[in-house]
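Read through the structure below, which is laid out as structure tokens, and then see the notes.
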Amino acid sequence: MFRYIAPLIAVVLLIGFLVIGLTRGDPRALPSPFIGKPAPQFELPTLKDPEVTIGSKDLAGKFSLVNVWATWCAGCRAEHGFLLDLAAQGSIPIYGINWRDTRPKALQWIAQLGDPYVASAYDETGRVGIDWGVYGAPESFLVSADGVVLHKHLGPLSREAWEQDFLPLIEAGGASR
Amino acid sequence: MKRWLIMLVAALSVSPVAAIDTGKAFDDPELQARYEKLISEVRCLKCQNQSIKDSNVFLAADLRREIRRLIAEGKTDAEIVDFLVTRYGEFALYRPRTSGKTLVLWIAPFLLVLLGGFALYRVVRHRMSLPIDEAPSEGGTE
């Protein structure tokens, strides 16, 4: 009996692993180690005015969306329309981290396509990007009022992703406060 | 045949590392060795399946710069690995550390070998217990 059942179990196990592996979704999407942990501290000059800095202190006390973007990033162009809609709604402040970009290009982008950001931090060297575990723009982080990362979205943000992944977290957080 | 051999030798003698960061990061050979070992064990998150030593994507260059900075600041290898794991997770390491989460990666191969050995043992034992002159008659041609 054992000689028939053992191989069967082995094959079923292998198929199980295969199915998990194939249906896991995007294999490039990595879980962020920051979920549920305090957002990394940062302070950077703003994109618009190098004399003014923006950082963790500006995020404190409210839900905020931190969006990592760059002009060389095609996905950022794709999500820009949604970010503008979201900003127009006024339900959550959006902070940008302009990552590994050049100031003139980034300013031109905002002038041409519109500016959904309360402010954008200018991370020319990518130092802050590394602190936030960024590995490909666009990436968006939902940060709670007490500075905890609740969710990280990889790739272009969309209304569907917003309603599915972000809104429930915001509503849950708002109710408990 | 000889031409193939020459081409093979030529292809193997090209060092792929020479393409990136040709200059030495440290004058001290000990620090340089640590640096090279670290960057060859860190995955390039943007170009998965390459280490940051082999990739010239800017994220890999940024991470190499950070590792250089940390080594220069006198951080230990363990502290540098911690720095990377807190930001990018265990996945950033090609040699995952032994911890609760990665234990299965470390013991699964040995378990599988044991399991295979056990199965082999059972089969061989079974075969040995068969009467010798009965085995060929299974074909039924005689």
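Please note that chains go A, B, ... in the order of the structure tokens, that every chain numbers its residues from 1, and that ligands are numbered from 1 in the order shown.
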Restrict the distance test to only C-alpha atoms, flag each residue of chain B within 10 Å of chain A, and return the flagged residues as a list in words.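 Putting it all together, I get Cys44, Leu45, Lys46, Cys47, Gln48, Phe58, Leu59, Ala60, Asp62, Leu63, Arg65, Glu66, Phe83, Leu84, Val85, Thr86, Arg87, Tyr88, Gly89, Glu90, Phe91, Ala92, Ala119, Arg122 and Val123 of chain B.
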Output file for the selection above: C-alpha atoms, as a PDB file, in the first residue's frame:
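Saved the output as result28.pdb:
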ATOM      1  CA  CYS B  44      20.162  43.534  -7.172  1.00  0.00           C
ATOM      2  CA  LEU B  45      16.476  44.142  -6.422  1.00  0.00           C
ATOM      3  CA  LYS B  46      15.853  45.855  -9.725  1.00  0.00           C
ATOM      4  CA  CYS B  47      17.535  43.232 -11.857  1.00  0.00           C
ATOM      5  CA  GLN B  48      16.802  40.089  -9.892  1.00  0.00           C
ATOM      6  CA  PHE B  58      21.895  52.744 -10.735  1.00  0.00           C
ATOM      7  CA  LEU B  59      20.223  51.094  -7.760  1.00  0.00           C
ATOM      8  CA  ALA B  60      23.065  48.555  -7.648  1.00  0.00           C
ATOM      9  CA  ASP B  62      23.795  53.198  -5.049  1.00  0.00           C
ATOM     10  CA  LEU B  63      23.889  50.082  -2.885  1.00  0.00           C
ATOM     11  CA  ARG B  65      28.172  53.160  -2.618  1.00  0.00           C
ATOM     12  CA  GLU B  66      26.281  52.622   0.652  1.00  0.00           C
ATOM     13  CA  PHE B  83      21.265  47.538   7.252  1.00  0.00           C
ATOM     14  CA  LEU B  84      20.225  45.874   3.999  1.00  0.00           C
ATOM     15  CA  VAL B  85      17.727  43.442   5.520  1.00  0.00           C
ATOM     16  CA  THR B  86      15.853  46.133   7.484  1.00  0.00           C
ATOM     17  CA  ARG B  87      15.368  48.038   4.232  1.00  0.00           C
ATOM     18  CA  TYR B  88      14.898  45.350   1.608  1.00  0.00           C
ATOM     19  CA  GLY B  89      14.107  42.204   3.553  1.00  0.00           C
ATOM     20  CA  GLU B  90      15.810  38.825   3.680  1.00  0.00           C
ATOM     21  CA  PHE B  91      15.285  38.485  -0.065  1.00  0.00           C
ATOM     22  CA  ALA B  92      18.150  40.900  -0.719  1.00  0.00           C
ATOM     23  CA  ALA B 119      12.959   5.365  -0.321  1.00  0.00           C
ATOM     24  CA  ARG B 122      13.107   0.378   0.954  1.00  0.00           C
ATOM     25  CA  VAL B 123      13.198  -0.423  -2.739  1.00  0.00           C
TER      26      VAL B 123
END
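For the pair atom CA of B:Pro109 and atom CA of B:Arg97, the separation is 15.8 Å.
Excluding A:Lys57 itself and any same-chain residue fewer than 4 positions from it, the protein and nucleic acid residues within 10 Å of it, counting only C-alpha atoms, are Gln41, Phe42, Glu43, Gly61 and Gly147 of chain A.
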Need the shell around B:Asp28: protein/DNA/RNA residues with any atom at most 12 Å away, counting only C-alpha atoms. Skip same-chain ones fewer than 5 positions apart. Format as a JSON list (two decimals) with N, CA and C atoms, in the first residue's frame?
[["chain", "number", "residue", "atom", "x", "y", "z"],
["B", 33, "ALA", "N", 38.60, 43.03, 0.14],
["B", 33, "ALA", "CA", 38.09, 41.65, 0.11],
["B", 33, "ALA", "C", 36.71, 41.58, 0.74],
["B", 34, "ARG", "N", 36.54, 42.28, 1.87],
["B", 34, "ARG", "CA", 35.23, 42.30, 2.53],
["B", 34, "ARG", "C", 34.19, 42.93, 1.61],
["B", 35, "TYR", "N", 34.58, 44.03, 0.99],
["B", 35, "TYR", "CA", 33.68, 44.75, 0.10],
["B", 35, "TYR", "C", 33.23, 43.84, -1.06],
["B", 71, "ILE", "N", 31.46, 50.35, 5.23],
["B", 71, "ILE", "CA", 32.75, 49.73, 5.54],
["B", 71, "ILE", "C", 33.74, 50.81, 6.00],
["B", 72, "ALA", "N", 33.73, 51.93, 5.27],
["B", 72, "ALA", "CA", 34.66, 53.01, 5.63],
["B", 72, "ALA", "C", 34.35, 53.55, 7.02]]
Practice prompt. Enumerate the residues of stretch 32-130 of chain B with a DSSP assignment of alpha helix (DSSP H), computed from the backbone, and present them as JSON, numbers by chain.
Written response: {"B": [32, 33, 34, 35, 36, 37, 38, 39, 40, 58, 59, 60, 61, 62, 63, 64, 65, 66, 67, 68, 69, 70, 71, 72, 77, 78, 79, 80, 81, 82, 83, 84, 85, 86, 87, 88, 103, 104, 105, 106, 107, 108, 109, 110, 111, 112, 113, 114, 115, 116, 117, 118, 119, 120, 121, 122, 123, 124, 125, 126, 127, 128, 129]}
_I'd like to know which residues of stretch 15-159 of chain A are strand (DSSP E or B) (by DSSP, run on the backbone); could you write them as a ChimeraX atom specification?_
/A:38,43-46,53-55,64-69,94-99,119-123,139-143,148-154
